[in-house]
>>> print(open('input.cif').read())   # mmCIF, C-alpha atoms
data_work
loop_
_atom_site.label_atom_id
_atom_site.label_comp_id
_atom_site.auth_asym_id
_atom_site.auth_seq_id
_atom_site.Cartn_x
_atom_site.Cartn_y
_atom_site.Cartn_z
CA MET A 1019 9.88 -8.51 -10.41
CA ASP A 1020 10.87 -5.55 -12.54
CA GLU A 1021 7.70 -5.52 -14.62
CA PRO A 1022 5.24 -3.05 -13.12
CA LEU A 1023 2.03 -3.99 -11.37
CA ASN A 1024 -0.80 -2.16 -13.10
CA LEU A 1025 -3.94 -1.53 -11.10
CA VAL A 1026 -7.03 -0.25 -12.88
CA LEU A 1027 -9.34 1.07 -10.19
CA PHE A 1028 -12.99 1.34 -11.23
CA SER A 1029 -14.97 0.84 -8.03
CA GLY A 1030 -15.12 3.73 -5.59
CA THR A 1031 -16.19 1.93 -2.42
CA ASP A 1032 -13.86 2.00 0.57
CA ASP A 1033 -13.42 -1.79 0.74
CA LYS A 1034 -12.24 -2.16 -2.85
CA LEU A 1035 -10.00 0.89 -2.56
CA GLN A 1036 -8.55 -0.55 0.66
CA ALA A 1037 -7.80 -3.84 -1.10
CA ALA A 1038 -6.19 -1.94 -3.97
CA ALA A 1039 -4.09 0.17 -1.59
CA VAL A 1040 -2.84 -2.99 0.11
CA LEU A 1041 -1.79 -4.49 -3.24
CA ALA A 1042 -0.08 -1.26 -4.28
CA ALA A 1043 1.73 -0.85 -0.95
CA GLY A 1044 2.96 -4.44 -0.92
CA ALA A 1045 4.38 -4.15 -4.41
CA ALA A 1046 6.01 -0.80 -3.63
CA ALA A 1047 7.63 -2.24 -0.50
CA LEU A 1048 9.17 -4.94 -2.68
CA GLY A 1049 10.57 -2.28 -4.99
CA ARG A 1050 8.20 -3.14 -7.81
CA PRO A 1051 6.89 -0.20 -9.86
CA VAL A 1052 3.12 0.33 -9.60
CA ASN A 1053 0.91 2.16 -12.08
CA VAL A 1054 -2.56 3.06 -10.85
CA PHE A 1055 -5.17 4.13 -13.40
CA LEU A 1056 -8.31 5.71 -11.93
CA GLN A 1057 -11.58 5.27 -13.77
CA TYR A 1058 -15.21 6.10 -13.01
CA TRP A 1059 -16.22 5.86 -9.36
CA ALA A 1060 -12.70 5.20 -8.12
CA LEU A 1061 -11.68 8.51 -9.65
CA ASP A 1062 -14.61 10.20 -7.94
CA SER A 1063 -13.36 8.90 -4.58
CA PHE A 1064 -9.97 10.58 -5.23
CA ARG A 1065 -11.58 14.03 -5.40
CA ALA A 1066 -9.83 16.34 -2.95
CA ASP A 1067 -13.12 17.30 -1.29
CA ARG A 1068 -14.28 13.68 -0.84
CA ILE A 1069 -11.22 11.51 -0.35
CA GLY A 1070 -11.73 11.34 3.41
CA ALA A 1071 -15.49 10.80 3.17
CA ASP A 1072 -17.38 7.53 3.66
CA HIS A 1073 -17.58 5.89 0.23
CA GLY A 1074 -19.61 2.91 1.34
CA LEU A 1075 -18.85 -0.76 0.74
CA ALA A 1076 -19.52 -3.22 -2.07
CA PRO A 1077 -23.08 -4.63 -1.93
CA GLU A 1078 -21.89 -8.08 -0.85
CA ALA A 1079 -20.53 -6.63 2.39
CA GLY A 1080 -23.99 -6.41 3.96
CA ALA A 1081 -24.49 -5.34 7.55
CA GLU A 1082 -22.08 -7.96 8.88
CA GLY A 1083 -19.35 -6.80 6.50
CA ARG A 1084 -19.97 -3.19 7.45
CA ALA A 1085 -19.51 -4.07 11.13
CA ALA A 1086 -16.31 -6.02 10.40
CA VAL A 1087 -14.83 -3.14 8.41
CA ASP A 1088 -15.76 -0.68 11.17
CA ASP A 1089 -14.14 -2.92 13.80
CA LEU A 1090 -10.86 -3.05 11.87
CA ARG A 1091 -10.89 0.72 11.46
CA ALA A 1092 -11.64 1.20 15.17
CA ALA A 1093 -8.64 -1.03 15.92
CA GLY A 1094 -6.47 1.52 14.10
CA GLN A 1095 -6.28 0.28 10.53
CA ALA A 1096 -4.96 2.99 8.21
CA SER A 1097 -7.49 4.27 5.67
CA TRP A 1098 -6.92 3.41 2.03
CA ALA A 1099 -5.86 6.98 1.34
CA ASP A 1100 -3.31 6.91 4.19
CA THR A 1101 -2.05 3.50 3.08
CA MET A 1102 -1.61 4.85 -0.43
CA ARG A 1103 0.15 8.00 0.84
CA GLN A 1104 2.64 6.04 2.93
CA ALA A 1105 3.24 3.62 0.08
CA LYS A 1106 3.88 6.53 -2.28
CA GLU A 1107 6.59 7.79 0.06
CA LEU A 1108 8.51 4.61 -0.79
CA GLY A 1109 8.56 5.76 -4.41
CA GLY A 1110 7.62 3.76 -7.47
CA ILE A 1111 3.85 4.40 -7.40
CA ASP A 1112 2.39 6.55 -10.15
CA ILE A 1113 -1.31 7.41 -9.98
CA GLN A 1114 -3.00 8.67 -13.13
CA ALA A 1115 -6.59 9.72 -13.74
CA CYS A 1116 -8.31 8.36 -16.86
CA SER A 1117 -9.02 11.32 -19.12
CA LEU A 1118 -12.39 9.91 -20.25
CA SER A 1119 -13.51 9.57 -16.63
CA MET A 1120 -12.34 13.14 -15.97
CA ASP A 1121 -14.71 14.26 -18.74
CA LEU A 1122 -17.50 12.04 -17.46
CA LEU A 1123 -17.31 13.51 -13.97
CA HIS A 1124 -16.57 17.07 -15.18
CA LEU A 1125 -13.33 17.15 -13.22
CA HIS A 1126 -10.11 19.12 -13.56
CA GLN A 1127 -6.85 17.96 -12.06
CA THR A 1128 -7.11 20.73 -9.46
CA ASP A 1129 -10.25 18.94 -8.17
CA LEU A 1130 -8.22 15.84 -7.33
CA ASP A 1131 -6.26 14.93 -4.23
CA ALA A 1132 -2.48 15.42 -4.39
CA LEU A 1133 -2.09 11.62 -4.50
CA VAL A 1134 -2.99 11.81 -8.17
CA ASP A 1135 0.08 12.54 -10.29
CA GLY A 1136 -1.61 13.39 -13.57
CA VAL A 1137 -4.20 12.66 -16.22
CA GLU A 1138 -3.66 10.30 -19.13
CA GLY A 1139 -5.49 8.28 -21.77
CA VAL A 1140 -5.66 4.51 -22.00
CA THR A 1141 -2.89 4.34 -24.60
CA ALA A 1142 -0.41 5.99 -22.26
CA PHE A 1143 -1.57 3.62 -19.54
CA TYR A 1144 -0.80 0.57 -21.71
CA LEU A 1145 2.54 1.99 -22.75
CA ASN A 1146 3.59 2.36 -19.12
CA ALA A 1147 2.08 -1.02 -18.21
CA GLY A 1148 4.60 -2.77 -20.43
CA ASP A 1149 4.42 -6.54 -19.97
CA GLY A 1150 3.26 -6.29 -16.37
CA GLN A 1151 0.00 -7.72 -15.09
CA VAL A 1152 -3.12 -5.58 -15.34
CA VAL A 1153 -5.49 -5.96 -12.41
CA PHE A 1154 -9.01 -4.51 -12.57
CA ILE A 1155 -10.65 -3.67 -9.27
CA MET B 1405 27.70 -11.94 21.38
CA THR B 1406 25.06 -9.23 21.57
CA ILE B 1407 23.85 -7.82 18.33
CA GLN B 1408 23.77 -4.06 17.96
CA ILE B 1409 20.41 -2.73 16.87
CA ALA B 1410 20.68 0.58 14.99
CA GLN B 1411 16.96 1.24 14.96
CA GLN B 1412 13.76 -0.14 16.44
CA LEU B 1413 10.32 -0.02 14.88
CA ASP B 1414 7.15 -0.72 16.80
CA ALA B 1415 4.60 -1.93 14.26
CA ARG B 1416 2.38 -3.66 16.83
CA GLY B 1417 -1.29 -3.14 16.14
CA LEU B 1418 -0.73 -2.27 12.49
CA SER B 1419 -2.52 -4.40 9.94
CA CYS B 1420 -1.10 -5.72 6.68
CA PRO B 1421 0.74 -4.27 4.78
CA MET B 1422 1.75 -1.40 7.08
CA PRO B 1423 4.43 -3.30 9.08
CA ILE B 1424 6.29 -3.95 5.82
CA VAL B 1425 5.66 -0.44 4.46
CA LYS B 1426 6.97 1.12 7.70
CA THR B 1427 9.98 -1.21 7.67
CA ALA B 1428 10.74 -0.34 4.05
CA GLN B 1429 10.66 3.34 5.04
CA ALA B 1430 12.69 2.91 8.23
CA ILE B 1431 15.46 0.75 6.78
CA ARG B 1432 16.45 3.65 4.54
CA ALA B 1433 17.46 5.61 7.61
CA ILE B 1434 20.14 3.12 8.68
CA ALA B 1435 23.47 2.37 7.06
CA SER B 1436 24.18 -0.66 4.92
CA GLY B 1437 25.08 -3.57 7.21
CA ASP B 1438 23.23 -2.08 10.21
CA LEU B 1439 20.34 -3.84 11.92
CA ILE B 1440 16.74 -2.87 12.45
CA GLU B 1441 14.44 -4.58 14.95
CA VAL B 1442 10.72 -4.69 14.18
CA LEU B 1443 7.86 -5.75 16.45
CA ALA B 1444 4.57 -6.70 14.79
CA THR B 1445 1.31 -8.38 15.70
CA ASP B 1446 -0.03 -8.92 12.18
CA PRO B 1447 -0.18 -12.72 11.81
CA GLY B 1448 0.70 -12.39 8.12
CA SER B 1449 3.98 -10.72 8.99
CA VAL B 1450 5.92 -13.99 9.41
CA LYS B 1451 5.54 -14.95 5.78
CA ASP B 1452 5.61 -11.31 4.65
CA PHE B 1453 8.96 -10.50 6.27
CA ALA B 1454 10.49 -13.70 4.87
CA ALA B 1455 9.23 -12.82 1.38
CA TRP B 1456 10.30 -9.19 1.68
CA SER B 1457 13.77 -10.21 2.82
CA ARG B 1458 14.17 -12.64 -0.08
CA THR B 1459 13.01 -10.13 -2.66
CA THR B 1460 14.82 -7.03 -1.42
CA GLY B 1461 18.02 -8.72 -0.26
CA HIS B 1462 17.82 -7.30 3.28
CA GLU B 1463 18.83 -10.28 5.40
CA LEU B 1464 16.39 -11.59 8.01
CA VAL B 1465 18.88 -12.19 10.81
CA GLU B 1466 16.53 -13.21 13.61
CA GLN B 1467 12.90 -14.05 14.02
CA THR B 1468 11.26 -14.79 17.34
CA GLN B 1469 7.77 -14.86 18.77
CA ASP B 1470 6.55 -13.91 22.24
CA GLY B 1471 2.84 -14.63 22.57
CA GLY B 1472 1.14 -12.72 19.79
CA VAL B 1473 4.12 -10.46 19.14
CA PHE B 1474 6.53 -11.27 16.33
CA ARG B 1475 10.04 -9.85 16.40
CA PHE B 1476 12.20 -9.53 13.32
CA VAL B 1477 15.79 -8.35 13.02
CA LEU B 1478 16.90 -7.38 9.54
CA ARG B 1479 20.27 -6.28 8.19
CA ARG B 1480 20.20 -3.57 5.57
CA LYS B 1481 21.67 -4.71 2.27
#
>>> encode(input="input.cif", output="structure tokens")
Amino acid sequence: MDEPLNLVLFSGTDDKLQAAAVLAAGAAALGRPVNVFLQYWALDSFRADRIGADHGLAPEAGAEGRAAVDDLRAAGQASWADTMRQAKELGGIDIQACSLSMDLLHLHQTDLDALVDGVEGVTAFYLNAGDGQVVFI
Amino acid sequence: MTIQIAQQLDARGLSCPMPIVKTAQAIRAIASGDLIEVLATDPGSVKDFAAWSRTTGHELVEQTQDGGVFRFVLRRK
């Protein structure tokens, strides 16, 4: 269990980010290192001015999925950002923004939420990933 | 013999994986060998706490269920 779990987050919708936060938090609770690499629309959702906004759901959710997600939230489910924050307090989670995506979205690190630890390129991501699984969400 | 609980954690109403995340946070506040009692309603928590105990080495001392509430007692490694 010492190899890190490496999550590449591409999608910026709240359901996929919630699923990713659950995976990251579970691994962190087990003491497994987690590397999170933020690309494209996932990175956009980590902008400091938007992280708490409604980022919508994947198209397959439909109206029924929307209602189900809203019900779970109304029952007190922690948001993906809160889940990620609490998981980070356990240590072992490193969140990096993809430098290409930073260029694409015209972002600077000061635009990002404090959850994001830094900016790196894909080579650094692979170096840190070691022999651990890479999961693309 | 009554077991001495050093800390209690009410994780009822929290959905996966927050009961485990909160437990992982809380167990750091007790001494090695001390016990923490956790209440949870997440149906996944039964398998999750067993897996977490096996992986982390914190012993699952007791596990009971009362209706929809699961109770776990763990000893810090």
>>> residues_around(input="input.cif", residues="region 1058-1062 of chain A", least_positions_apart="2", cutoff="9 Å", atoms="all atoms listed in the file", output="PDB file with C-alpha atoms, keeping the file's coordinate frame")
ATOM      1  CA  LEU A1027      -9.340   1.070 -10.190  1.00  0.00           C
ATOM      2  CA  PHE A1028     -12.990   1.340 -11.230  1.00  0.00           C
ATOM      3  CA  SER A1029     -14.970   0.840  -8.030  1.00  0.00           C
ATOM      4  CA  GLY A1030     -15.120   3.730  -5.590  1.00  0.00           C
ATOM      5  CA  THR A1031     -16.190   1.930  -2.420  1.00  0.00           C
ATOM      6  CA  LEU A1035     -10.000   0.890  -2.560  1.00  0.00           C
ATOM      7  CA  PHE A1055      -5.170   4.130 -13.400  1.00  0.00           C
ATOM      8  CA  LEU A1056      -8.310   5.710 -11.930  1.00  0.00           C
ATOM      9  CA  PHE A1064      -9.970  10.580  -5.230  1.00  0.00           C
ATOM     10  CA  ARG A1065     -11.580  14.030  -5.400  1.00  0.00           C
ATOM     11  CA  ARG A1068     -14.280  13.680  -0.840  1.00  0.00           C
ATOM     12  CA  ILE A1069     -11.220  11.510  -0.350  1.00  0.00           C
ATOM     13  CA  ALA A1115      -6.590   9.720 -13.740  1.00  0.00           C
ATOM     14  CA  CYS A1116      -8.310   8.360 -16.860  1.00  0.00           C
ATOM     15  CA  LEU A1118     -12.390   9.910 -20.250  1.00  0.00           C
ATOM     16  CA  SER A1119     -13.510   9.570 -16.630  1.00  0.00           C
ATOM     17  CA  MET A1120     -12.340  13.140 -15.970  1.00  0.00           C
ATOM     18  CA  LEU A1122     -17.500  12.040 -17.460  1.00  0.00           C
ATOM     19  CA  LEU A1123     -17.310  13.510 -13.970  1.00  0.00           C
ATOM     20  CA  LEU A1125     -13.330  17.150 -13.220  1.00  0.00           C
ATOM     21  CA  LEU A1130      -8.220  15.840  -7.330  1.00  0.00           C
TER      22      LEU A1130
END
>>> closest_residue(input="input.cif", among="B:Asp1446, B:Asp1452, B:Asp1414, B:Glu1441", to="Glu1466 (chain B)", atoms="only C-alpha atoms")
B:Glu1441
>>> atom_distance(input="input.cif", atom1="CA of Gln1429 (chain B)", atom2="CA of Glu1107 (chain A)")
7.8 Å
>>> resolve_selection(input="input.cif", expression="the PyMOL selection byres ((chain B) within 8 of (chain A))", output="PyMOL selection string")
chain B and resi 1417-1422+1424-1425+1428-1429+1456+1459-1460
>>> atom_distance(input="input.cif", atom1="CA of Leu1464 (chain B)", atom2="CA of Leu1443 (chain B)")
13.3 Å
>>> closest_residue(input="input.cif", among="A:Ala1081, A:Leu1133, A:Ala1142, A:Ala1099", to="Ile1111 (chain A)", atoms="only C-alpha atoms")
A:Leu1133
>>> residues_near_point(input="input.cif", point="(14.7, -9.1, 5.5)", cutoff="8 Å", atoms="all atoms listed in the file", output="PyMOL selection string")
chain B and resi 1453-1458+1460-1465+1477-1480
>>> resolve_selection(input="input.cif", expression="the PyMOL selection byres ((chain A and resi 1021) around 9)", output="list in words")
Met1019, Asp1020, Pro1022, Leu1023, Arg1050, Pro1051, Val1052, Ala1147, Gly1148, Asp1149, Gly1150 and Gln1151 of chain A
